[in-house]
file input_35.txt (compact mmCIF, C-alpha atoms and all ligand atoms)
# COMPACT_ATOMS: atom_id res chain seq x y z
CA MET G 80 -19.40 -2.20 -5.03
CA SER G 81 -21.92 -1.76 -2.23
CA VAL G 82 -20.87 0.30 0.78
CA GLU G 83 -23.63 -0.57 3.25
CA SER G 84 -22.47 -1.15 6.79
CA GLN G 85 -25.58 -3.14 7.80
CA PRO G 86 -25.85 -6.85 6.95
CA VAL G 87 -26.78 -7.56 3.37
CA ARG G 88 -30.04 -9.30 2.50
CA ALA G 89 -29.75 -12.96 1.66
CA SER G 90 -32.15 -12.34 -1.21
CA ASP G 91 -29.38 -10.27 -2.79
CA LEU G 92 -27.13 -13.33 -3.10
CA LYS G 93 -26.33 -14.05 -6.73
CA ALA G 94 -25.78 -17.51 -8.19
CA ALA G 95 -22.24 -18.37 -9.19
CA LEU G 96 -21.36 -20.43 -12.24
CA PRO G 97 -22.62 -24.03 -12.27
CA PRO G 98 -20.20 -26.34 -10.40
CA HIS G 99 -19.08 -28.30 -13.47
CA PHE G 100 -17.76 -25.07 -15.02
CA TYR G 101 -14.95 -25.34 -12.47
CA ALA G 102 -14.04 -28.93 -13.31
CA SER G 103 -15.09 -29.84 -16.85
CA PRO G 104 -12.32 -30.63 -19.39
CA GLU G 105 -14.59 -29.31 -22.15
CA VAL G 106 -15.06 -25.94 -20.42
CA PHE G 107 -11.31 -25.80 -19.80
CA ARG G 108 -10.62 -26.49 -23.49
CA LEU G 109 -13.00 -23.72 -24.55
CA GLU G 110 -11.47 -21.32 -22.05
CA ALA G 111 -8.00 -22.12 -23.37
CA GLU G 112 -9.07 -21.53 -26.95
CA ARG G 113 -11.21 -18.45 -26.40
CA ILE G 114 -9.49 -16.78 -23.47
CA PHE G 115 -5.90 -17.90 -22.77
CA HIS G 116 -4.95 -18.32 -26.43
CA ARG G 117 -6.95 -15.36 -27.71
CA GLN G 118 -6.19 -12.72 -25.08
CA TRP G 119 -2.77 -11.31 -24.17
CA PHE G 120 -1.36 -13.70 -21.54
CA ALA G 121 1.38 -12.57 -19.12
CA VAL G 122 4.33 -15.00 -19.10
CA GLY G 123 7.10 -13.30 -17.17
CA ARG G 124 9.52 -10.40 -17.00
CA THR G 125 11.87 -9.12 -19.68
CA GLU G 126 14.73 -9.38 -17.18
CA GLN G 127 14.43 -13.18 -17.37
CA LEU G 128 16.12 -12.84 -20.77
CA PRO G 129 18.90 -10.34 -20.04
CA ALA G 130 21.25 -11.24 -22.90
CA ARG G 131 21.11 -11.82 -26.62
CA GLY G 132 20.41 -15.51 -27.27
CA ASP G 133 18.54 -16.12 -24.03
CA VAL G 134 15.60 -18.49 -24.41
CA LEU G 135 12.61 -18.94 -22.13
CA VAL G 136 10.16 -21.83 -22.49
CA VAL G 137 6.63 -21.22 -21.26
CA GLU G 138 3.40 -23.16 -21.48
CA VAL G 139 0.22 -21.21 -22.10
CA ALA G 140 -2.70 -23.49 -21.25
CA GLY G 141 -1.15 -26.52 -22.93
CA GLU G 142 0.75 -24.69 -25.72
CA SER G 143 4.53 -24.64 -25.44
CA VAL G 144 6.15 -21.42 -26.62
CA ILE G 145 9.77 -20.22 -26.71
CA VAL G 146 10.61 -16.60 -26.08
CA VAL G 147 13.95 -15.52 -27.52
CA ARG G 148 16.09 -12.40 -27.21
CA GLY G 149 17.46 -11.98 -30.71
CA LYS G 150 20.38 -10.31 -32.41
CA ASP G 151 18.88 -6.83 -32.24
CA GLU G 152 18.11 -7.34 -28.52
CA ALA G 153 14.39 -7.49 -29.36
CA LEU G 154 12.20 -10.24 -27.94
CA ALA G 155 10.34 -12.63 -30.21
CA ALA G 156 8.25 -15.71 -29.55
CA PHE G 157 7.60 -18.90 -31.51
CA TYR G 158 5.71 -22.12 -31.03
CA ASN G 159 8.13 -24.66 -29.61
CA VAL G 160 7.77 -26.91 -32.64
CA CYS G 161 10.26 -27.83 -35.37
CA ARG G 162 8.90 -27.28 -38.88
CA HIS G 163 10.43 -30.58 -39.98
CA ARG G 164 8.80 -33.32 -37.90
CA GLY G 165 7.13 -31.41 -35.11
CA SER G 166 9.62 -32.22 -32.39
CA GLN G 167 9.82 -29.75 -29.56
CA LEU G 168 12.87 -27.55 -30.05
CA VAL G 169 13.55 -27.00 -26.36
CA ARG G 170 12.68 -29.83 -24.03
CA GLU G 171 13.20 -28.08 -20.71
CA PRO G 172 10.16 -28.15 -18.46
CA PRO G 173 8.24 -24.94 -18.99
CA LEU G 174 8.41 -22.08 -16.56
CA PRO G 175 7.45 -21.28 -13.93
CA ASP G 176 9.11 -24.19 -12.23
CA ALA G 177 9.57 -24.20 -8.49
CA ASP G 178 12.11 -26.99 -8.62
CA ARG G 179 14.53 -25.33 -10.96
CA PRO G 180 17.15 -23.04 -9.47
CA LYS G 181 16.78 -19.40 -10.46
CA ALA G 182 19.97 -19.34 -12.48
CA ARG G 183 18.48 -21.79 -14.93
CA ASN G 184 15.33 -19.78 -15.44
CA SER G 185 16.73 -18.44 -18.69
CA GLY G 186 18.58 -20.81 -20.94
CA ARG G 187 21.29 -19.71 -23.35
CA ALA G 188 21.23 -20.86 -26.93
CA SER G 189 24.47 -20.55 -28.87
CA GLY G 190 23.37 -18.12 -31.54
CA ALA G 191 20.74 -20.48 -32.88
CA ILE G 192 17.97 -22.86 -31.94
CA VAL G 193 18.88 -26.40 -32.93
CA CYS G 194 16.23 -29.08 -33.06
CA PRO G 195 17.46 -32.08 -31.08
CA TYR G 196 15.87 -34.56 -33.54
CA HIS G 197 17.49 -33.93 -36.97
CA ALA G 198 19.44 -30.76 -36.15
CA TRP G 199 17.37 -28.38 -38.22
CA THR G 200 18.75 -25.05 -37.10
CA TYR G 201 16.84 -21.79 -36.73
CA ASN G 202 18.02 -18.21 -36.30
CA HIS G 203 16.67 -16.20 -33.40
CA ASP G 204 14.28 -14.41 -35.75
CA GLY G 205 12.67 -17.80 -36.41
CA SER G 206 14.07 -18.20 -39.94
CA LEU G 207 15.57 -21.55 -40.89
CA ARG G 208 19.37 -21.30 -41.07
CA ALA G 209 20.19 -24.80 -42.22
CA ALA G 210 18.88 -28.36 -42.47
CA PRO G 211 21.50 -31.11 -42.73
CA PHE G 212 21.70 -32.70 -46.21
CA VAL G 213 18.73 -30.71 -47.53
CA GLN G 214 19.16 -28.41 -50.53
CA PHE G 215 16.64 -25.58 -50.68
CA ASP G 216 15.90 -23.81 -53.97
CA ASP G 217 13.44 -21.38 -55.51
CA ALA G 218 10.83 -24.09 -55.88
CA CYS G 219 11.08 -24.86 -52.17
CA PRO G 220 12.89 -22.02 -50.39
CA LYS G 221 14.12 -22.01 -46.82
CA GLY G 222 11.70 -19.17 -46.10
CA LYS G 223 8.88 -21.69 -46.23
CA PHE G 224 10.18 -23.35 -43.07
CA SER G 225 10.42 -20.51 -40.58
CA LEU G 226 9.17 -21.15 -37.07
CA THR G 227 5.57 -20.22 -36.45
CA PRO G 228 5.57 -16.86 -34.68
CA VAL G 229 3.58 -15.97 -31.58
CA ALA G 230 2.62 -12.32 -31.06
CA LEU G 231 4.57 -10.68 -28.23
CA GLU G 232 4.21 -7.34 -26.48
CA THR G 233 5.73 -5.86 -23.35
CA TRP G 234 4.45 -3.42 -20.78
CA GLY G 235 6.17 -2.31 -17.59
CA GLY G 236 8.75 -5.08 -17.89
CA PHE G 237 6.09 -7.79 -18.26
CA ILE G 238 6.05 -10.05 -21.34
CA PHE G 239 2.67 -10.88 -22.83
CA LEU G 240 1.97 -13.45 -25.56
CA ASN G 241 -1.00 -13.83 -27.85
CA LEU G 242 -1.63 -17.23 -29.44
CA SER G 243 -4.67 -16.21 -31.46
CA ARG G 244 -4.95 -17.63 -34.95
CA GLU G 245 -6.66 -14.42 -36.01
CA ALA G 246 -5.42 -10.85 -35.55
CA PRO G 247 -4.91 -10.36 -31.79
CA PRO G 248 -7.11 -7.87 -29.96
CA PRO G 249 -5.42 -4.49 -29.34
CA PHE G 250 -2.87 -4.97 -26.56
CA GLU G 251 -3.66 -1.54 -25.13
CA ASP G 252 -7.26 -2.57 -24.50
CA GLN G 253 -6.10 -4.97 -21.77
CA LEU G 254 -4.04 -2.24 -20.08
CA VAL G 255 -6.57 0.58 -19.82
CA LYS G 256 -7.63 -0.13 -16.24
CA VAL G 257 -4.21 -0.99 -14.81
CA LYS G 258 -2.73 2.16 -16.32
CA ARG G 259 -5.45 4.20 -14.67
CA MET G 260 -5.28 2.45 -11.30
CA LEU G 261 -1.52 1.90 -10.99
CA GLY G 262 -0.19 4.48 -13.43
CA ARG G 263 2.33 6.01 -11.01
CA TYR G 264 4.07 2.75 -10.03
CA PRO G 265 7.41 2.48 -11.88
CA PHE G 266 6.91 -1.06 -13.23
CA ALA G 267 9.63 -0.83 -15.87
CA ASP G 268 12.24 0.06 -13.22
CA LEU G 269 11.35 -2.88 -10.98
CA ARG G 270 13.38 -6.06 -10.69
CA ARG G 271 12.60 -9.49 -9.31
CA GLY G 272 13.89 -9.74 -5.78
CA ALA G 273 12.40 -13.19 -5.22
CA GLN G 274 9.94 -15.65 -6.66
CA LEU G 275 7.62 -18.23 -5.12
CA VAL G 276 5.90 -20.86 -7.26
CA TYR G 277 2.88 -22.82 -6.08
CA ASP G 278 0.96 -25.70 -7.60
CA VAL G 279 -2.62 -25.30 -6.46
CA ALA G 280 -5.37 -27.90 -6.84
CA ALA G 281 -8.03 -25.40 -7.85
CA ASN G 282 -9.58 -24.10 -11.03
CA TRP G 283 -8.23 -20.74 -12.16
CA LYS G 284 -11.63 -19.08 -11.71
CA VAL G 285 -11.80 -20.10 -8.04
CA LEU G 286 -8.47 -18.33 -7.54
CA MET G 287 -9.58 -15.23 -9.44
CA GLU G 288 -12.82 -15.02 -7.48
CA ASN G 289 -10.90 -15.31 -4.24
CA TYR G 290 -8.47 -12.59 -5.27
CA ASN G 291 -11.38 -10.33 -6.11
CA GLU G 292 -13.03 -10.21 -2.70
CA CYS G 293 -12.16 -9.62 0.93
CA TYR G 294 -15.28 -11.13 2.54
CA HIS G 295 -12.98 -14.08 3.34
CA CYS G 296 -10.18 -11.94 4.78
CA GLY G 297 -11.50 -11.91 8.37
CA PRO G 298 -11.85 -15.70 8.70
CA VAL G 299 -8.86 -16.71 6.53
CA HIS G 300 -6.19 -14.04 7.02
CA PRO G 301 -5.64 -13.03 10.68
CA GLU G 302 -2.13 -11.67 10.03
CA LEU G 303 -3.29 -9.70 7.01
CA CYS G 304 -6.22 -8.20 8.89
CA ALA G 305 -3.93 -7.23 11.76
CA LEU G 306 -1.93 -5.23 9.22
CA VAL G 307 -4.91 -3.89 7.24
CA PRO G 308 -7.91 -3.80 9.63
CA ALA G 309 -10.18 -2.44 6.87
CA PHE G 310 -10.04 -5.85 5.19
CA ARG G 311 -12.21 -7.40 7.90
CA GLU G 312 -14.52 -4.46 8.52
CA GLN G 313 -17.98 -4.75 6.94
CA GLY G 314 -17.03 -8.13 5.51
CA GLY G 315 -14.62 -6.48 3.15
CA ALA G 316 -17.34 -4.32 1.59
CA GLY G 317 -16.79 -0.75 0.55
CA LEU G 318 -13.02 -0.99 0.12
CA ALA G 319 -11.86 2.05 -1.85
CA TRP G 320 -9.43 0.37 -4.23
CA GLU G 321 -9.18 3.50 -6.38
CA ASP G 322 -7.46 5.31 -3.49
CA GLY G 323 -5.84 2.28 -1.91
CA ILE G 324 -6.51 0.68 1.47
CA PRO G 325 -4.85 2.15 4.58
CA HIS G 326 -2.76 0.02 6.94
CA ARG G 327 -3.02 0.06 10.74
CA PRO G 328 -1.60 3.21 12.34
CA GLY G 329 2.16 3.34 11.91
CA ALA G 330 2.22 0.73 9.13
CA TRP G 331 2.69 1.61 5.47
CA THR G 332 3.68 -1.56 3.59
CA PHE G 333 3.01 -5.32 3.32
CA THR G 334 5.38 -6.85 5.84
CA ALA G 335 4.71 -8.29 9.28
CA SER G 336 6.00 -5.09 10.90
CA GLY G 337 4.16 -2.91 8.39
CA THR G 338 7.39 -1.04 7.70
CA SER G 339 10.55 -1.53 5.68
CA THR G 340 14.05 -0.13 5.34
CA ARG G 341 13.38 0.22 1.59
CA ALA G 342 12.17 3.56 0.32
CA PRO G 343 8.73 3.99 -1.24
CA PHE G 344 8.80 4.04 -5.05
CA PRO G 345 9.50 7.45 -6.52
CA GLY G 346 6.54 9.23 -8.09
CA LEU G 347 3.73 7.76 -5.95
CA SER G 348 0.90 9.91 -4.63
CA GLU G 349 0.77 10.75 -0.94
CA ALA G 350 -1.90 8.05 -0.41
CA GLU G 351 0.02 5.44 -2.40
CA ARG G 352 3.03 5.89 -0.12
CA THR G 353 1.00 4.45 2.77
CA HIS G 354 -1.91 2.53 1.18
CA HIS G 355 -2.26 -0.86 -0.50
CA LYS G 356 -3.65 -1.21 -4.01
CA GLY G 357 -4.52 -4.16 -6.23
CA GLU G 358 -5.51 -4.71 -9.81
CA ILE G 359 -6.09 -7.57 -12.25
CA VAL G 360 -4.90 -7.55 -15.84
CA TYR G 361 -7.19 -10.20 -17.25
CA PRO G 362 -6.86 -13.01 -17.91
CA ASN G 363 -3.91 -14.01 -15.70
CA LEU G 364 -1.87 -11.20 -14.13
CA LEU G 365 -2.77 -10.12 -10.59
CA LEU G 366 -0.94 -7.14 -9.12
CA SER G 367 -0.77 -6.28 -5.42
CA ALA G 368 0.94 -2.95 -4.99
CA ALA G 369 2.62 -1.78 -1.80
CA ALA G 370 4.66 1.41 -1.60
CA GLU G 371 8.05 -0.32 -1.89
CA HIS G 372 7.25 -3.60 -3.66
CA ILE G 373 4.79 -5.20 -6.01
CA ALA G 374 3.66 -8.80 -5.65
CA ALA G 375 2.89 -9.88 -9.22
CA PHE G 376 1.00 -13.16 -9.53
CA THR G 377 0.73 -14.95 -12.85
CA LEU G 378 -1.84 -17.74 -13.03
CA TRP G 379 -0.99 -20.66 -15.31
CA PRO G 380 -4.02 -22.91 -15.76
CA THR G 381 -2.65 -26.42 -16.31
CA ALA G 382 -5.82 -28.52 -15.93
CA PRO G 383 -9.48 -27.94 -15.04
CA ASP G 384 -8.66 -28.42 -11.38
CA ARG G 385 -5.02 -27.26 -11.27
CA THR G 386 -3.30 -23.92 -11.56
CA ARG G 387 0.36 -23.08 -11.19
CA ILE G 388 0.94 -19.68 -9.63
CA ALA G 389 4.15 -17.72 -9.91
CA CYS G 390 4.45 -14.95 -7.38
CA GLU G 391 7.17 -12.47 -8.34
CA PHE G 392 8.31 -9.93 -5.79
CA LEU G 393 9.34 -6.79 -7.62
CA PHE G 394 11.43 -4.05 -6.04
CA HIS G 395 12.95 -0.85 -7.39
CA GLU G 396 16.28 -1.53 -9.07
CA SER G 397 17.90 1.04 -6.79
CA GLU G 398 17.09 -1.36 -3.91
CA THR G 399 17.83 -4.74 -5.54
CA SER G 400 21.25 -3.46 -6.62
CA LYS G 401 22.25 -2.61 -3.03
CA PRO G 402 24.70 -5.00 -1.36
CA GLY G 403 22.86 -7.05 1.23
CA PHE G 404 19.44 -6.55 -0.40
CA ASP G 405 17.10 -8.83 1.53
CA PRO G 406 13.46 -9.29 0.48
CA SER G 407 12.66 -11.89 3.14
CA ASP G 408 10.37 -9.58 5.15
CA VAL G 409 8.09 -9.27 2.12
CA VAL G 410 8.43 -12.89 0.97
CA ASP G 411 7.74 -14.35 4.41
CA PHE G 412 4.63 -12.26 4.93
CA TRP G 413 3.20 -13.00 1.49
CA ASP G 414 3.93 -16.71 1.76
CA VAL G 415 1.74 -16.89 4.87
CA VAL G 416 -1.12 -15.05 3.16
CA ASN G 417 -0.71 -16.94 -0.13
CA LEU G 418 -0.81 -20.38 1.51
CA GLN G 419 -3.95 -19.40 3.40
CA ASP G 420 -5.56 -18.44 0.09
CA TRP G 421 -4.46 -21.53 -1.82
CA ARG G 422 -5.62 -23.87 0.94
CA ILE G 423 -9.07 -22.32 1.08
CA CYS G 424 -9.33 -22.38 -2.73
CA GLU G 425 -8.37 -26.07 -2.75
CA SER G 426 -11.08 -26.61 -0.17
CA VAL G 427 -13.62 -24.92 -2.46
CA GLN G 428 -12.51 -27.06 -5.40
CA ALA G 429 -12.79 -30.23 -3.32
CA GLY G 430 -16.17 -29.23 -1.89
CA MET G 431 -17.60 -28.47 -5.31
CA ARG G 432 -16.98 -32.10 -6.33
CA SER G 433 -19.55 -33.26 -3.81
CA ARG G 434 -22.77 -34.79 -5.10
CA GLY G 435 -24.45 -32.73 -2.41
CA PHE G 436 -23.25 -29.40 -3.78
CA ARG G 437 -26.00 -27.47 -5.52
CA GLY G 438 -24.10 -24.42 -6.77
CA ALA G 439 -22.46 -21.45 -5.08
CA TYR G 440 -23.55 -17.89 -4.35
CA TYR G 441 -21.88 -14.52 -4.32
CA ALA G 442 -22.77 -12.18 -1.49
CA PRO G 443 -23.07 -8.51 -2.51
CA MET G 444 -19.69 -7.73 -0.93
CA GLU G 445 -18.23 -10.24 -3.38
CA ASP G 446 -19.56 -8.25 -6.30
CA ALA G 447 -16.10 -7.89 -7.80
CA SER G 448 -15.83 -11.69 -7.82
CA MET G 449 -18.60 -11.68 -10.33
CA ASP G 450 -16.17 -9.90 -12.63
CA ILE G 451 -14.78 -13.28 -13.56
CA ARG G 452 -18.27 -14.51 -14.42
CA ARG G 453 -18.90 -11.39 -16.50
CA TYR G 454 -15.45 -11.60 -18.09
CA ARG G 455 -15.97 -15.22 -18.99
CA GLU G 456 -19.39 -14.56 -20.46
CA THR G 457 -17.97 -11.74 -22.58
CA HIS G 458 -15.35 -14.02 -24.07
CA LEU G 459 -17.12 -17.38 -24.11
CA GLY G 460 -20.75 -16.45 -24.46
CA ASP G 461 -23.37 -18.42 -22.61
CA LEU G 462 -22.21 -22.04 -22.55
CA THR G 463 -25.03 -23.37 -20.45
CA ALA G 464 -26.98 -24.31 -23.60
CA ILE G 465 -24.20 -26.49 -25.01
CA LEU G 466 -22.71 -27.99 -21.87
FE FE S 501 -7.23 -14.07 0.54
call {"tool": "encode", "arguments": {"input": "input_35.txt", "output": "structure tokens", "more": "lines below"}}
Ligand SMILES: [Fe+2]
result
Amino acid sequence: MSVESQPVRASDLKAALPPHFYASPEVFRLEAERIFHRQWFAVGRTEQLPARGDVLVVEVAGESVIVVRGKDEALAAFYNVCRHRGSQLVREPPLPDADRPKARNSGRASGAIVCPYHAWTYNHDGSLRAAPFVQFDDACPKGKFSLTPVALETWGGFIFLNLSREAPPPFEDQLVKVKRMLGRYPFADLRRGAQLVYDVAANWKVLMENYNECYHCGPVHPELCALVPAFREQGGAGLAWEDGIPHRPGAWTFTASGTSTRAPFPGLSEAERTHHKGEIVYPNLLLSAAAEHIAAFTLWPTAPDRTRIACEFLFHESETSKPGFDPSDVVDFWDVVNLQDWRICESVQAGMRSRGFRGAYYAPMEDASMDIRRYRETHLGDLTAIL
């Protein structure tokens, strides 16, 4: 990232992706197949399935998947499809769902998953337990009708799925950078204190690009810049994300006051106890790390021009377990910042539809935004020839 304090030269502007890459159903289909279904995709927290038999339904770019906590307490995932006639096994709307009360965020199955169509019944390991009036034998054993598994891994309390038809890429490969950048934050000991869900009328790449730069912070986020003045200095260039970004004097966390009654996480460095850090686990987990909470955003692309965003507020379990635990200082501040971001991203999406739009540019201080272009090219190749 460039660290110049003088204005950048306009000749250093770099072209963004062609406008139709942010709106085309064909590009979206290719991205689903080659990115969201081939990479490890974050779908939630293990604590959403606290007990044996809990079931979570999620939708990964158009593919419905059930996550189950089985007999041995282990998590497993399967396509939400009965092997008999293809009916969906669980018909609840997929998570995240803003309209559903939190208590219903994990459903309980009674020791089995029963298809609502003909009552074919599956164990939590995906094996078929019984099918009414069907006799299985050696020529056609029950084992032939197990649910189709989806690869599942966990890290730091997050659940990741991989829907690849081939062998998934090594899970650890996606975690190298976050482990280096946020290695001291105690993710596994964090619990959801609150959740906000937004439906945003913008392509997922517009949101990723926006998350990746702070050139917009001055014009878009007055409250945020009052808390972290460095975000508006030099157009957001030269921010030292490796060390974290300092708050205004006297402030040390992401609340309107810049302070909190909650303690900083144990094990942080001296700088991390007062600075703000952020990291992306591609393709869909965005982590904003304060000293006493993490705002974890999962992006759920639902259409070329729509993305659902779940924003989980994670706190140390020693805080969430306290009587009277109240995360509203964090939630209120983030909601202001989030809505500013989503509105400006929706504006970009709407503007890009114009016949008069000739393609966007990245300024040098948005260099990290180009990550999404580079990431996409790595996984999709150059599509300009075929689209
Ligand atoms: Fe922003």
call {"tool": "residues_around", "arguments": {"input": "input_35.txt", "residues": "stretch 126-143 of chain G", "least_positions_apart": "2", "cutoff": "9 Å", "atoms": "only C-alpha atoms", "output": "number ranges by chain"}}
result
G: 108, 111-112, 115-116, 120, 122-124, 145-154, 157-160, 167, 169-175, 184-191, 203, 236-237, 240, 242, 270-271, 379-382
call {"tool": "residues_around", "arguments": {"input": "input_35.txt", "residues": "stretch 205-219 of chain G", "least_positions_apart": "2", "cutoff": "10 Å", "atoms": "only C-alpha atoms", "output": "PyMOL selection string"}}
result
chain G and resi 147+149+155-158+161-163+191-194+197-203+221-228
call {"tool": "residues_around", "arguments": {"input": "input_35.txt", "residues": "stretch 331-336 of chain G", "least_positions_apart": "6", "cutoff": "12 Å", "atoms": "all atoms listed in the file", "output": "VMD selection string"}}
result
chain G and resid 301 to 307 323 to 325 342 to 344 349 to 356 367 to 374 392 406 to 416
call {"tool": "residues_near_ligand", "arguments": {"input": "input_35.txt", "ligand": "ligand FE 501 (chain S)", "cutoff": "10 Å", "atoms": "all atoms listed in the file", "output": "MDAnalysis selection string"}}
result
chainID G and resid 286 288:300 303 310 416:424
call {"tool": "write_last_selection", "arguments": {"input": "input_35.txt", "atoms": "C-alpha atoms", "output": "JSON list (two decimals), keeping the file's coordinate frame"}}
result
[["chain", "number", "residue", "atom", "x", "y", "z"],
["G", 286, "LEU", "CA", -8.47, -18.33, -7.54],
["G", 288, "GLU", "CA", -12.82, -15.02, -7.48],
["G", 289, "ASN", "CA", -10.90, -15.31, -4.24],
["G", 290, "TYR", "CA", -8.47, -12.59, -5.27],
["G", 291, "ASN", "CA", -11.38, -10.33, -6.11],
["G", 292, "GLU", "CA", -13.03, -10.21, -2.70],
["G", 293, "CYS", "CA", -12.16, -9.62, 0.93],
["G", 294, "TYR", "CA", -15.28, -11.13, 2.54],
["G", 295, "HIS", "CA", -12.98, -14.08, 3.34],
["G", 296, "CYS", "CA", -10.18, -11.94, 4.78],
["G", 297, "GLY", "CA", -11.50, -11.91, 8.37],
["G", 298, "PRO", "CA", -11.85, -15.70, 8.70],
["G", 299, "VAL", "CA", -8.86, -16.71, 6.53],
["G", 300, "HIS", "CA", -6.19, -14.04, 7.02],
["G", 303, "LEU", "CA", -3.29, -9.70, 7.01],
["G", 310, "PHE", "CA", -10.04, -5.85, 5.19],
["G", 416, "VAL", "CA", -1.12, -15.05, 3.16],
["G", 417, "ASN", "CA", -0.71, -16.94, -0.13],
["G", 418, "LEU", "CA", -0.81, -20.38, 1.51],
["G", 419, "GLN", "CA", -3.95, -19.40, 3.40],
["G", 420, "ASP", "CA", -5.56, -18.44, 0.09],
["G", 421, "TRP", "CA", -4.46, -21.53, -1.82],
["G", 422, "ARG", "CA", -5.62, -23.87, 0.94],
["G", 423, "ILE", "CA", -9.07, -22.32, 1.08],
["G", 424, "CYS", "CA", -9.33, -22.38, -2.73]]
call {"tool": "closest_residue", "arguments": {"input": "input_35.txt", "among": "G:Pro220, G:Gln313, G:Arg244, G:Val144", "to": "G:Pro443", "atoms": "only C-alpha atoms"}}
result
G:Gln313
call {"tool": "closest_residue", "arguments": {"input": "input_35.txt", "among": "G:Glu456, G:Glu110, G:Glu396, G:Asp91", "to": "G:Phe266", "atoms": "all atoms listed in the file"}}
result
G:Glu396
call {"tool": "closest_residue", "arguments": {"input": "input_35.txt", "among": "G:Val279, G:Gln253, G:Arg432, G:Arg88", "to": "G:Leu364", "atoms": "all atoms listed in the file"}}
result
G:Gln253
call {"tool": "atom_distance", "arguments": {"input": "input_35.txt", "atom1": "atom CA of G:Ala102", "atom2": "atom CA of G:Arg452"}}
result
15.1 Å
call {"tool": "atom_distance", "arguments": {"input": "input_35.txt", "atom1": "atom CA of G:Gly262", "atom2": "atom CA of G:Phe394"}}
result
16.2 Å
call {"tool": "closest_residue", "arguments": {"input": "input_35.txt", "among": "G:Val257, G:Ser397, G:Glu251, G:Tyr454", "to": "G:Leu365", "atoms": "only C-alpha atoms"}}
result
G:Val257
call {"tool": "atom_distance", "arguments": {"input": "input_35.txt", "atom1": "atom CA of G:Gly430", "atom2": "atom CA of G:Pro86"}}
result
25.9 Å
call {"tool": "closest_residue", "arguments": {"input": "input_35.txt", "among": "G:Ser90, G:Gln118, G:Thr377, G:Ser103", "to": "G:Ala442", "atoms": "all atoms listed in the file"}}
result
G:Ser90
call {"tool": "residues_around", "arguments": {"input": "input_35.txt", "residues": "G:Pro249", "least_positions_apart": "6", "cutoff": "12 Å", "atoms": "all atoms listed in the file", "output": "ChimeraX atom specification"}}
result
/G:117-119,230-232,241,243,255
call {"tool": "closest_residue", "arguments": {"input": "input_35.txt", "among": "G:Lys258, G:Arg437, G:Arg164, G:Arg263", "to": "G:Ser348", "atoms": "all atoms listed in the file"}}
result
G:Arg263
